[in-house]
>>> print(open('protein31.txt').read())   # compact mmCIF, C-alpha atoms and all ligand atoms
# COMPACT_ATOMS: atom_id res chain seq x y z
CA MET J 1 2.86 -17.08 21.56
CA ARG J 2 6.52 -16.08 22.00
CA ILE J 3 7.47 -13.21 19.73
CA ASP J 4 10.84 -11.59 18.99
CA ILE J 5 10.43 -8.05 17.69
CA TYR J 6 13.42 -6.61 15.81
CA GLY J 7 13.60 -2.82 15.92
CA LEU J 8 12.24 -0.82 18.86
CA GLY J 9 11.32 2.37 17.03
CA TYR J 10 7.73 3.49 16.61
CA VAL J 11 6.39 0.39 14.94
CA GLY J 12 8.37 -2.09 17.04
CA SER J 13 7.64 -0.44 20.41
CA VAL J 14 3.92 -0.13 19.74
CA SER J 15 3.71 -3.68 18.38
CA ALA J 16 5.69 -5.00 21.36
CA ALA J 17 3.53 -3.23 23.95
CA CYS J 18 0.24 -4.17 22.27
CA LEU J 19 1.18 -7.81 21.66
CA ALA J 20 2.32 -8.16 25.28
CA ASP J 21 -0.96 -6.52 26.33
CA SER J 22 -2.81 -9.23 24.34
CA GLY J 23 -1.08 -11.89 26.45
CA HIS J 24 1.91 -12.82 24.28
CA GLU J 25 5.48 -13.11 25.56
CA VAL J 26 7.52 -10.48 23.75
CA CYS J 27 11.24 -9.89 23.47
CA GLY J 28 12.23 -6.59 21.84
CA ILE J 29 15.59 -6.61 20.06
CA ASP J 30 17.50 -3.52 18.97
CA ILE J 31 21.07 -2.66 18.02
CA ASP J 32 20.67 0.56 20.01
CA PRO J 33 21.52 -0.29 23.66
CA ASN J 34 19.64 2.79 24.88
CA LYS J 35 16.39 1.45 23.49
CA VAL J 36 16.97 -1.94 25.04
CA ALA J 37 17.74 -0.32 28.42
CA CYS J 38 14.72 1.92 28.09
CA ILE J 39 12.29 -0.98 27.61
CA ASN J 40 13.85 -2.99 30.42
CA ALA J 41 13.42 0.03 32.69
CA GLY J 42 9.71 0.00 31.78
CA LYS J 43 9.99 3.20 29.75
CA SER J 44 9.07 4.03 26.19
CA PRO J 45 11.94 4.53 23.71
CA VAL J 46 9.73 6.80 21.57
CA ARG J 47 7.38 9.68 22.38
CA GLU J 48 3.87 8.45 21.82
CA PRO J 49 0.69 9.11 23.83
CA GLY J 50 -0.26 6.12 26.00
CA LEU J 51 2.82 4.09 25.11
CA PRO J 52 4.79 4.66 28.37
CA GLU J 53 1.89 3.31 30.43
CA HIS J 54 1.51 0.27 28.18
CA ILE J 55 5.22 -0.52 28.22
CA ALA J 56 5.43 -0.08 31.99
CA ALA J 57 2.49 -2.45 32.49
CA ALA J 58 3.85 -5.02 30.01
CA VAL J 59 7.33 -5.05 31.62
CA GLU J 60 5.79 -5.18 35.09
CA SER J 61 3.69 -8.20 34.07
CA GLY J 62 6.83 -10.00 32.85
CA ARG J 63 5.46 -10.35 29.31
CA LEU J 64 7.84 -7.79 27.78
CA HIS J 65 11.59 -7.43 27.99
CA ALA J 66 14.32 -6.30 25.60
CA SER J 67 17.68 -7.64 24.57
CA ALA J 68 20.49 -7.17 22.06
CA THR J 69 20.13 -10.77 20.92
CA PRO J 70 17.20 -13.02 19.92
CA SER J 71 15.45 -15.02 22.61
CA GLY J 72 16.14 -18.44 21.08
CA ASP J 73 12.73 -20.01 21.64
CA ALA J 74 10.38 -17.59 19.83
CA ASP J 75 7.56 -18.81 17.57
CA VAL J 76 7.57 -15.62 15.49
CA SER J 77 10.24 -13.06 14.54
CA MET J 78 8.65 -9.76 13.64
CA VAL J 79 10.88 -7.32 11.74
CA CYS J 80 10.16 -3.63 12.37
CA VAL J 81 13.51 -2.08 11.47
CA GLY J 82 13.74 1.15 9.52
CA THR J 83 13.67 1.25 5.72
CA PRO J 84 14.65 4.88 5.04
CA SER J 85 15.38 6.47 1.66
CA ASN J 86 18.74 6.54 -0.06
CA GLU J 87 19.75 9.87 -1.60
CA ASN J 88 18.30 8.85 -4.95
CA GLY J 89 14.95 7.89 -3.38
CA SER J 90 15.51 4.14 -3.49
CA LEU J 91 14.81 2.11 -0.39
CA ARG J 92 17.66 1.44 2.04
CA LEU J 93 17.49 -2.22 2.89
CA ASP J 94 20.70 -2.69 4.86
CA TYR J 95 18.93 -2.72 8.27
CA LEU J 96 16.49 -5.30 6.95
CA GLN J 97 19.29 -7.38 5.41
CA ARG J 98 21.33 -7.37 8.60
CA THR J 99 18.27 -8.39 10.60
CA MET J 100 17.57 -11.27 8.21
CA GLU J 101 21.15 -12.45 8.65
CA ASP J 102 20.70 -12.45 12.44
CA ILE J 103 17.36 -14.27 12.22
CA GLY J 104 18.80 -16.76 9.71
CA ASP J 105 21.70 -17.53 12.06
CA ALA J 106 19.25 -18.05 14.94
CA LEU J 107 17.02 -20.23 12.74
CA ALA J 108 19.93 -22.55 12.01
CA CYS J 109 19.91 -23.61 15.68
CA ARG J 110 16.11 -24.03 16.01
CA ASP J 111 14.23 -27.29 15.71
CA SER J 112 10.70 -25.97 16.14
CA TYR J 113 8.60 -24.31 13.44
CA HIS J 114 9.20 -20.56 13.25
CA VAL J 115 7.60 -17.76 11.22
CA VAL J 116 9.51 -14.67 10.10
CA CYS J 117 7.25 -11.69 9.55
CA VAL J 118 8.32 -8.50 7.75
CA ARG J 119 6.42 -5.56 9.23
CA SER J 120 8.70 -2.83 7.85
CA THR J 121 7.47 -1.09 4.72
CA VAL J 122 9.18 -2.70 1.73
CA LEU J 123 8.56 -2.63 -2.02
CA PRO J 124 6.81 -5.56 -3.73
CA GLY J 125 9.16 -8.49 -4.13
CA THR J 126 11.49 -7.52 -1.27
CA THR J 127 10.33 -10.24 1.13
CA GLU J 128 10.64 -12.96 -1.50
CA CYS J 129 13.73 -11.71 -3.32
CA VAL J 130 15.77 -10.11 -0.52
CA ALA J 131 14.61 -11.51 2.84
CA VAL J 132 14.02 -15.16 1.91
CA PRO J 133 17.39 -15.79 0.18
CA ILE J 134 19.29 -14.34 3.16
CA LEU J 135 17.25 -16.38 5.65
CA GLU J 136 17.77 -19.56 3.63
CA GLN J 137 21.49 -18.92 3.19
CA HIS J 138 22.11 -18.22 6.88
CA SER J 139 19.86 -20.95 8.25
CA GLY J 140 20.55 -23.68 5.70
CA LYS J 141 16.76 -24.21 5.71
CA LYS J 142 14.02 -23.82 3.09
CA ALA J 143 11.28 -21.17 3.35
CA GLY J 144 7.78 -22.66 3.19
CA ARG J 145 9.07 -26.05 4.26
CA ASP J 146 11.33 -25.56 7.28
CA PHE J 147 10.15 -22.12 8.35
CA GLY J 148 7.34 -19.74 7.48
CA ILE J 149 7.41 -16.24 6.06
CA CYS J 150 4.83 -13.46 6.09
CA MET J 151 4.54 -9.78 5.25
CA ASN J 152 2.27 -7.87 7.59
CA PRO J 153 2.37 -4.09 7.01
CA GLU J 154 1.50 -1.65 9.76
CA PHE J 155 -1.03 1.17 9.27
CA LEU J 156 -0.45 3.11 12.47
CA ARG J 157 -0.22 6.89 12.61
CA GLU J 158 2.21 8.51 15.01
CA GLY J 159 0.19 10.22 17.72
CA SER J 160 -2.63 7.64 17.72
CA SER J 161 -0.65 4.46 17.15
CA ILE J 162 -2.02 2.42 20.06
CA GLN J 163 -5.59 3.11 19.05
CA ASP J 164 -4.66 2.41 15.40
CA TYR J 165 -3.04 -0.90 16.39
CA ARG J 166 -6.17 -1.97 18.29
CA CYS J 167 -8.65 -0.76 15.67
CA PRO J 168 -6.90 -0.88 12.30
CA PRO J 169 -8.87 -0.33 9.06
CA PHE J 170 -8.03 -4.00 8.37
CA THR J 171 -5.27 -6.52 8.95
CA ILE J 172 -3.41 -7.80 5.92
CA ILE J 173 -1.15 -10.82 5.95
CA GLY J 174 0.90 -11.68 2.91
CA GLU J 175 1.96 -15.31 3.20
CA LEU J 176 4.31 -17.65 1.41
CA ASP J 177 2.14 -20.63 2.34
CA PRO J 178 -1.03 -21.26 4.43
CA ARG J 179 0.83 -22.51 7.50
CA SER J 180 2.83 -19.26 7.75
CA GLY J 181 -0.35 -17.19 7.45
CA GLU J 182 -2.28 -19.27 10.00
CA THR J 183 0.45 -18.81 12.59
CA LEU J 184 0.47 -15.05 12.14
CA ALA J 185 -3.33 -14.72 11.93
CA ALA J 186 -3.52 -16.23 15.43
CA LEU J 187 -1.79 -13.07 16.74
CA TYR J 188 -4.69 -10.92 15.57
CA GLU J 189 -7.61 -13.05 16.79
CA THR J 190 -8.68 -10.35 19.23
CA ILE J 191 -8.43 -7.45 16.78
CA PRO J 192 -11.90 -6.39 15.59
CA ALA J 193 -11.03 -5.80 11.94
CA ALA J 194 -11.32 -7.63 8.63
CA LEU J 195 -8.38 -9.92 7.98
CA PHE J 196 -7.07 -10.34 4.43
CA ARG J 197 -4.67 -13.17 3.68
CA THR J 198 -2.96 -12.80 0.37
CA LYS J 199 0.33 -13.07 -1.53
CA LEU J 200 3.46 -11.50 -0.06
CA ARG J 201 3.74 -8.98 -2.91
CA VAL J 202 0.13 -7.91 -2.65
CA ALA J 203 0.57 -7.12 1.04
CA GLU J 204 3.72 -5.14 0.25
CA MET J 205 1.92 -3.17 -2.46
CA VAL J 206 -1.23 -2.45 -0.44
CA LYS J 207 0.91 -0.52 2.05
CA TYR J 208 2.33 1.65 -0.73
CA ALA J 209 -1.08 2.10 -2.34
CA ALA J 210 -2.38 3.37 1.02
CA ASN J 211 0.48 5.77 1.67
CA VAL J 212 0.60 7.14 -1.87
CA TYR J 213 -3.17 7.63 -1.81
CA HIS J 214 -3.03 9.43 1.51
CA ALA J 215 -0.32 11.73 0.16
CA LEU J 216 -2.41 12.34 -2.95
CA LYS J 217 -5.53 13.13 -0.90
CA ILE J 218 -3.67 15.71 1.17
CA THR J 219 -2.13 17.35 -1.88
CA PHE J 220 -5.43 17.37 -3.76
CA ALA J 221 -7.17 19.06 -0.83
CA ASN J 222 -4.31 21.55 -0.41
CA GLU J 223 -4.18 22.54 -4.08
CA LEU J 224 -7.94 23.04 -4.25
CA GLY J 225 -7.80 24.73 -0.83
CA VAL J 226 -5.39 27.36 -2.16
CA LEU J 227 -7.64 27.91 -5.15
CA CYS J 228 -10.68 28.27 -2.87
CA LYS J 229 -8.83 30.87 -0.84
CA ARG J 230 -7.94 32.89 -3.94
CA LEU J 231 -11.58 32.72 -4.93
CA GLY J 232 -12.56 34.05 -1.51
CA LEU J 233 -14.17 30.74 -0.51
CA ASP J 234 -14.01 28.89 2.79
CA SER J 235 -12.09 25.78 1.70
CA ARG J 236 -13.07 23.92 4.87
CA GLU J 237 -16.74 24.39 4.11
CA VAL J 238 -16.19 23.25 0.50
CA PHE J 239 -14.41 20.10 1.67
CA ARG J 240 -16.82 19.41 4.52
CA ILE J 241 -19.67 19.27 2.02
CA PHE J 242 -17.53 17.47 -0.58
CA CYS J 243 -16.79 14.72 1.97
CA GLU J 244 -20.49 14.24 2.66
CA ASP J 245 -20.79 12.49 -0.70
CA LYS J 246 -20.03 8.92 0.32
CA LYS J 247 -21.37 7.62 -2.98
CA LEU J 248 -18.89 9.05 -5.47
CA ASN J 249 -16.35 11.17 -3.54
CA ILE J 250 -15.39 9.22 -0.40
CA SER J 251 -16.08 5.74 -1.70
CA PRO J 252 -14.67 2.94 -3.87
CA ALA J 253 -16.22 4.66 -6.92
CA TYR J 254 -13.59 5.46 -9.59
CA LEU J 255 -10.99 3.54 -7.57
CA GLN J 256 -10.53 0.51 -9.79
CA PRO J 257 -7.57 0.50 -12.16
CA GLY J 258 -8.88 0.30 -15.72
CA PHE J 259 -9.21 2.53 -18.71
CA ALA J 260 -8.74 6.31 -18.91
CA PHE J 261 -11.54 8.77 -18.16
CA GLY J 262 -13.27 10.76 -20.85
CA GLY J 263 -16.81 11.98 -21.39
CA SER J 264 -18.29 15.40 -21.64
CA CYS J 265 -17.51 16.64 -18.13
CA LEU J 266 -14.23 15.54 -16.56
CA PRO J 267 -11.78 16.85 -19.22
CA LYS J 268 -13.79 20.05 -19.75
CA ASP J 269 -14.09 20.81 -16.04
CA LEU J 270 -10.45 20.06 -15.36
CA ARG J 271 -9.46 22.43 -18.17
CA ALA J 272 -11.74 25.13 -16.77
CA ILE J 273 -10.40 24.88 -13.21
CA LEU J 274 -6.79 24.90 -14.49
CA TYR J 275 -7.51 28.00 -16.58
CA LYS J 276 -9.04 29.71 -13.55
CA ALA J 277 -5.97 28.76 -11.49
CA LYS J 278 -3.75 30.34 -14.15
CA GLU J 279 -5.83 33.52 -14.09
CA LEU J 280 -5.39 33.65 -10.31
CA ASP J 281 -1.65 32.93 -10.45
CA VAL J 282 -2.10 29.66 -8.60
CA GLU J 283 0.03 26.72 -9.70
CA PRO J 284 -1.50 23.30 -8.82
CA PRO J 285 1.06 20.71 -10.06
CA VAL J 286 -1.00 17.66 -9.15
CA LEU J 287 -4.21 18.94 -10.76
CA ARG J 288 -2.20 20.03 -13.78
CA SER J 289 -0.73 16.57 -14.24
CA ILE J 290 -4.11 14.77 -14.33
CA LEU J 291 -4.92 15.29 -18.02
CA ALA J 292 -1.35 14.48 -19.06
CA SER J 293 -1.51 11.27 -17.03
CA ASN J 294 -4.84 10.36 -18.59
CA THR J 295 -3.44 10.91 -22.08
CA ARG J 296 -0.51 8.64 -21.29
CA HIS J 297 -2.96 5.99 -20.15
CA ILE J 298 -4.75 6.18 -23.52
CA GLU J 299 -1.43 5.97 -25.35
CA GLU J 300 -0.49 2.92 -23.30
CA ALA J 301 -3.80 1.25 -24.18
CA PHE J 302 -3.15 2.08 -27.83
CA ARG J 303 0.30 0.51 -27.59
CA LEU J 304 -1.12 -2.66 -26.02
CA VAL J 305 -3.79 -2.93 -28.72
CA LYS J 306 -1.28 -2.28 -31.50
CA ASN J 307 1.07 -4.91 -30.10
CA THR J 308 -1.62 -7.57 -30.38
CA GLY J 309 -1.15 -7.27 -34.15
CA LYS J 310 -4.94 -7.63 -34.59
CA ARG J 311 -6.67 -5.51 -37.21
CA ARG J 312 -10.27 -5.68 -36.00
CA ILE J 313 -10.87 -4.57 -32.45
CA ALA J 314 -14.09 -3.86 -30.62
CA ILE J 315 -14.19 -1.47 -27.70
CA LEU J 316 -16.48 -2.12 -24.77
CA GLY J 317 -18.09 1.15 -23.78
CA PHE J 318 -18.60 2.41 -27.33
CA LEU J 319 -22.15 1.18 -27.11
CA VAL J 320 -22.74 3.54 -24.21
CA ALA J 321 -21.16 6.39 -26.10
CA CYS J 322 -23.20 5.85 -29.23
CA SER J 323 -26.61 4.77 -28.11
CA GLY J 324 -28.15 7.53 -26.08
CA PRO J 325 -28.49 8.46 -22.45
CA LEU J 326 -26.46 6.66 -19.82
CA PRO J 327 -28.02 4.55 -17.11
CA ASP J 328 -26.34 6.29 -14.19
CA ALA J 329 -23.89 9.00 -13.39
CA GLY J 330 -21.21 6.53 -12.37
CA THR J 331 -20.56 5.37 -15.91
CA GLU J 332 -20.80 8.62 -17.80
CA ASP J 333 -17.23 9.79 -17.75
CA ALA J 334 -15.34 6.62 -17.16
CA GLY J 335 -13.80 5.96 -20.51
CA GLN J 336 -16.35 7.09 -23.07
CA ASP J 337 -14.43 9.64 -25.16
CA ALA J 338 -11.17 8.11 -24.07
CA GLY J 339 -12.24 4.86 -25.74
CA ILE J 340 -13.09 6.76 -28.91
CA ASP J 341 -9.72 8.57 -28.80
CA ALA J 342 -7.77 5.38 -28.35
CA GLY J 343 -9.81 3.64 -31.03
CA ALA J 344 -9.27 6.50 -33.45
CA ASP J 345 -5.56 6.65 -32.69
CA ALA J 346 -5.25 2.94 -33.21
CA GLY J 347 -7.21 3.08 -36.45
CA VAL J 348 -9.81 0.70 -35.03
CA GLY J 349 -13.53 1.12 -35.38
CA ASP J 350 -12.87 2.36 -38.91
CA ALA J 351 -15.45 0.82 -41.22
CA GLY J 352 -13.16 1.07 -44.21
CA GLU J 353 -10.24 -0.80 -42.63
CA PRO J 354 -9.77 -3.97 -44.63
CA ALA J 355 -8.94 -7.15 -42.80
CA SER J 356 -6.62 -9.53 -44.62
CA GLY J 357 -7.06 -7.65 -47.87
CA SER J 358 -10.83 -8.09 -48.04
CA PRO J 359 -13.46 -5.42 -47.30
CA ALA J 360 -14.26 -5.47 -43.61
CA SER J 361 -17.57 -4.83 -41.98
CA PRO J 362 -17.41 -2.34 -39.13
CA THR J 363 -16.94 -3.90 -35.72
CA PRO J 364 -20.39 -3.96 -34.13
CA ALA J 365 -20.63 -1.50 -31.28
CA SER J 366 -21.91 -4.19 -28.98
CA ALA J 367 -19.16 -6.70 -29.71
CA PRO J 368 -18.01 -8.24 -26.45
CA ALA J 369 -14.33 -7.51 -26.63
CA SER J 370 -12.58 -5.38 -24.09
CA MET J 371 -10.02 -2.65 -24.16
CA PRO J 372 -7.00 -3.70 -22.20
CA ALA J 373 -6.64 -2.27 -18.75
CA SER J 374 -3.19 -1.57 -17.48
N1 LIG L 401 6.64 5.33 12.02
C1 LIG L 401 5.49 5.06 11.50
O1 LIG L 401 4.50 5.72 11.77
C2 LIG L 401 5.34 3.87 10.58
C3 LIG L 401 4.07 3.41 10.28
C4 LIG L 401 3.92 2.30 9.45
C5 LIG L 401 5.06 1.67 8.92
N2 LIG L 401 6.29 2.17 9.22
C6 LIG L 401 7.45 1.43 8.67
O2 LIG L 401 7.92 0.57 9.70
C7 LIG L 401 9.34 0.48 9.67
C8 LIG L 401 9.92 0.94 10.98
O3 LIG L 401 9.57 2.30 11.16
P1 LIG L 401 9.88 3.06 12.52
O4 LIG L 401 9.32 4.42 12.36
O5 LIG L 401 9.47 2.21 13.66
O6 LIG L 401 11.48 3.11 12.43
P2 LIG L 401 12.52 3.70 13.52
O7 LIG L 401 13.63 4.26 12.74
O8 LIG L 401 11.80 4.54 14.51
O9 LIG L 401 13.01 2.40 14.29
C9 LIG L 401 13.77 1.39 13.69
C10 LIG L 401 14.56 0.69 14.79
O10 LIG L 401 15.22 -0.44 14.21
C11 LIG L 401 16.46 -0.57 14.89
N3 LIG L 401 17.36 -1.45 14.13
C12 LIG L 401 18.04 -1.16 12.99
N4 LIG L 401 18.74 -2.25 12.60
C13 LIG L 401 18.49 -3.25 13.48
C14 LIG L 401 18.90 -4.59 13.60
N5 LIG L 401 19.73 -5.15 12.72
N6 LIG L 401 18.42 -5.32 14.63
C15 LIG L 401 17.57 -4.77 15.52
N7 LIG L 401 17.17 -3.48 15.48
C16 LIG L 401 17.60 -2.73 14.45
C17 LIG L 401 16.95 0.86 15.06
O11 LIG L 401 17.95 0.98 16.05
C18 LIG L 401 15.64 1.56 15.44
O12 LIG L 401 15.45 1.59 16.83
C19 LIG L 401 9.77 1.29 8.46
O13 LIG L 401 9.85 0.45 7.33
C20 LIG L 401 8.65 2.29 8.29
O14 LIG L 401 8.57 2.76 6.96
C21 LIG L 401 6.46 3.23 10.05
>>> encode(input="protein31.txt", output="structure tokens", more="lines below")
Ligand SMILES: NC(=O)c1ccc[n+]([C@@H]2O[C@H](COP(=O)([O-])OP(=O)(O)OC[C@H]3O[C@@H](n4cnc5c(N)ncnc54)[C@H](O)[C@@H]3O)[C@@H](O)[C@H]2O)c1
Amino acid sequence: MRIDIYGLGYVGSVSAACLADSGHEVCGIDIDPNKVACINAGKSPVREPGLPEHIAAAVESGRLHASATPSGDADVSMVCVGTPSNENGSLRLDYLQRTMEDIGDALACRDSYHVVCVRSTVLPGTTECVAVPILEQHSGKKAGRDFGICMNPEFLREGSSIQDYRCPPFTIIGELDPRSGETLAALYETIPAALFRTKLRVAEMVKYAANVYHALKITFANELGVLCKRLGLDSREVFRIFCEDKKLNISPAYLQPGFAFGGSCLPKDLRAILYKAKELDVEPPVLRSILASNTRHIEEAFRLVKNTGKRRIAILGFLVACSGPLPDAGTEDAGQDAGIDAGADAGVGDAGEPASGSPASPTPASAPASMPAS
């Protein structure tokens, strides 16, 4: 396939070199003439292990070159321009917008089918609400009918980006329509990883979920690491053993959005570790915010229940709380007391609560109604 790659920074350079290596014809486009000259000289515009050799080989083979303007006959335009932060933390989209204007102008002159792929990290809705209108306005064409659009986030890490490109955890393609997704999926035929094709917004959000989670993991380990140190413990040993639990710790367990946690252990143990941190003069802001966040989640559930206007509400999970030992450890703390708290706050599960002015029977514990998840 012929691919135009906009933005020759980390993501663009690695994508360009690897796609050319896979046999595609790649044109790298950048507003920075130094980066364009660099690629055309067979050199890497960014410092990254292995990248200079790949770029040199790709340019030598004739499958990679760079330019200040689009190639005119590409099948796919891949957008890898920067999306840095504004001062207030919001996402700067002017590079992306300018690129979409350029691609839209080029699209206006094209007869063949073309797919525009956003690879930059953008918030959910950006591809549909920012990129598509600009492309349509500048091309005079309709997305999904006259051209395709995809969102294909990148999961590379600087320092091991070539390896990460070749062996990603998975490939995710958000697509406006099946034809767009099929065109892009063909680029990744040789990549040995699961391929998920989904909505544009889901692809955009998965990238943020991954990055936020990675940041959270690091902070969690660091906060507990400091505490370990103050306790005279080898934090690396603690975490090495902690990570050996692939059933509950390093696993999908407890990683489904739903109701708040509760039970006899999690709140108690969090309180105990926070008290110990206070005794040791250690301040762990993330650990400290967990219970507050959980309480907010219960309040939100209460609000959702209250807004239904219903007077009789059953809570799934009460049965577990009321009827003896739990079947396995995985269910013990996930919502038991929290369900009771929310129910009590909402005034539900109260046997004396009359419905429509008549005496009500208590909601049976096993009633198959569910608490709302956020
Ligand atoms: N760096 C990473 O490790 C990484 C990993 C995954 C995702 N991302 C995301 O990918 C995107 C790109 O990141 P990066 O680190 O490669 O950025 P970068 O700043 O290194 O490179 C961006 C390039 O885009 C060029 N550019 C800007 N406007 C342009 C235009 N109108 N036309 C052509 N080129 C233009 C710039 O000159 C620059 O060379 C960002 O959204 C980033 O969040 C980065």
>>> closest_residue(input="protein31.txt", among="J:Ile162, J:Ile55, J:Ala20, J:Leu8", to="J:Lys35", atoms="all atoms listed in the file")
J:Leu8
>>> residues_around(input="protein31.txt", residues="stretch 36-51 of chain J", least_positions_apart="6", cutoff="12 Å", atoms="all atoms listed in the file", output="NGL selection string")
:J and (5-18 or 21 or 26-30 or 57-69 or 156-163 or 165)
>>> closest_residue(input="protein31.txt", among="J:Phe147, J:Tyr188, J:Phe196, J:Phe155", to="ligand LIG 401 (chain L)", atoms="only C-alpha atoms and all ligand atoms")
J:Phe155
>>> atom_distance(input="protein31.txt", atom1="atom CA of J:Pro124", atom2="atom CA of J:Val202")
7.2 Å
>>> closest_residue(input="protein31.txt", among="J:Ser77, J:Thr83, J:Asn34, J:Ser264", to="ligand LIG 401 (chain L)", atoms="all atoms listed in the file")
J:Thr83
>>> atom_distance(input="protein31.txt", atom1="atom CA of J:Ile3", atom2="atom CA of J:Pro52")
20.0 Å
>>> closest_residue(input="protein31.txt", among="J:Arg98, J:Arg2, J:His24, J:Arg92", to="ligand LIG 401 (chain L)", atoms="all atoms listed in the file")
J:Arg98
>>> atom_distance(input="protein31.txt", atom1="atom CA of J:Gly23", atom2="atom CA of J:Met1")
8.1 Å
>>> closest_residue(input="protein31.txt", among="J:Ser289, J:Thr127, J:Thr295, J:Ser90", to="J:Ala260", atoms="only C-alpha atoms")
J:Thr295
>>> residues_near_point(input="protein31.txt", point="(8.6, -28.5, 7.0)", cutoff="12 Å", atoms="only C-alpha atoms", output="PyMOL selection string")
chain J and resi 111-115+141-148+177+179-180
>>> axis_aligned_box(input="protein31.txt", around="ligand LIG 401 (chain L)", padding_each_side="4 Å", output="AutoDock Vina command-line options")
--center_x 11.8 --center_y 0.2 --center_z 11.9 --size_x 23.8 --size_y 19.0 --size_z 17.9
>>> residues_around(input="protein31.txt", residues="J:Lys278", least_positions_apart="6", cutoff="12 Å", atoms="all atoms listed in the file", output="VMD selection string")
chain J and resid 227 230 271 to 272 284 to 285 287 to 288
>>> residues_around(input="protein31.txt", residues="J:Asn294", least_positions_apart="5", cutoff="10 Å", atoms="all atoms listed in the file", output="compact mmCIF listing (two decimals) with C-alpha atoms, keeping the file's coordinate frame")
# COMPACT_ATOMS: atom_id res chain seq x y z
CA PHE J 259 -9.21 2.53 -18.71
CA ALA J 260 -8.74 6.31 -18.91
CA PHE J 261 -11.54 8.77 -18.16
CA GLY J 262 -13.27 10.76 -20.85
CA PRO J 267 -11.78 16.85 -19.22
CA SER J 289 -0.73 16.57 -14.24
CA GLU J 299 -1.43 5.97 -25.35
CA GLU J 300 -0.49 2.92 -23.30
CA ALA J 338 -11.17 8.11 -24.07
>>> closest_residue(input="protein31.txt", among="J:Pro133, J:Lys207, J:Gly72, J:Pro178", to="ligand LIG 401 (chain L)", atoms="all atoms listed in the file")
J:Lys207
>>> residues_around(input="protein31.txt", residues="J:Ala108", least_positions_apart="4", cutoff="9 Å", atoms="only C-alpha atoms", output="PDB file with C-alpha atoms, in the coordinates of the input")
ATOM      1  CA  ILE J 103      17.360 -14.270  12.220  1.00  0.00           C
ATOM      2  CA  GLY J 104      18.800 -16.760   9.710  1.00  0.00           C
ATOM      3  CA  HIS J 138      22.110 -18.220   6.880  1.00  0.00           C
ATOM      4  CA  SER J 139      19.860 -20.950   8.250  1.00  0.00           C
ATOM      5  CA  GLY J 140      20.550 -23.680   5.700  1.00  0.00           C
ATOM      6  CA  LYS J 141      16.760 -24.210   5.710  1.00  0.00           C
TER       7      LYS J 141
END
>>> residues_around(input="protein31.txt", residues="J:Met100", least_positions_apart="5", cutoff="7 Å", atoms="all atoms listed in the file", output="list in words")
Ala131, Ile134 and Leu135 of chain J
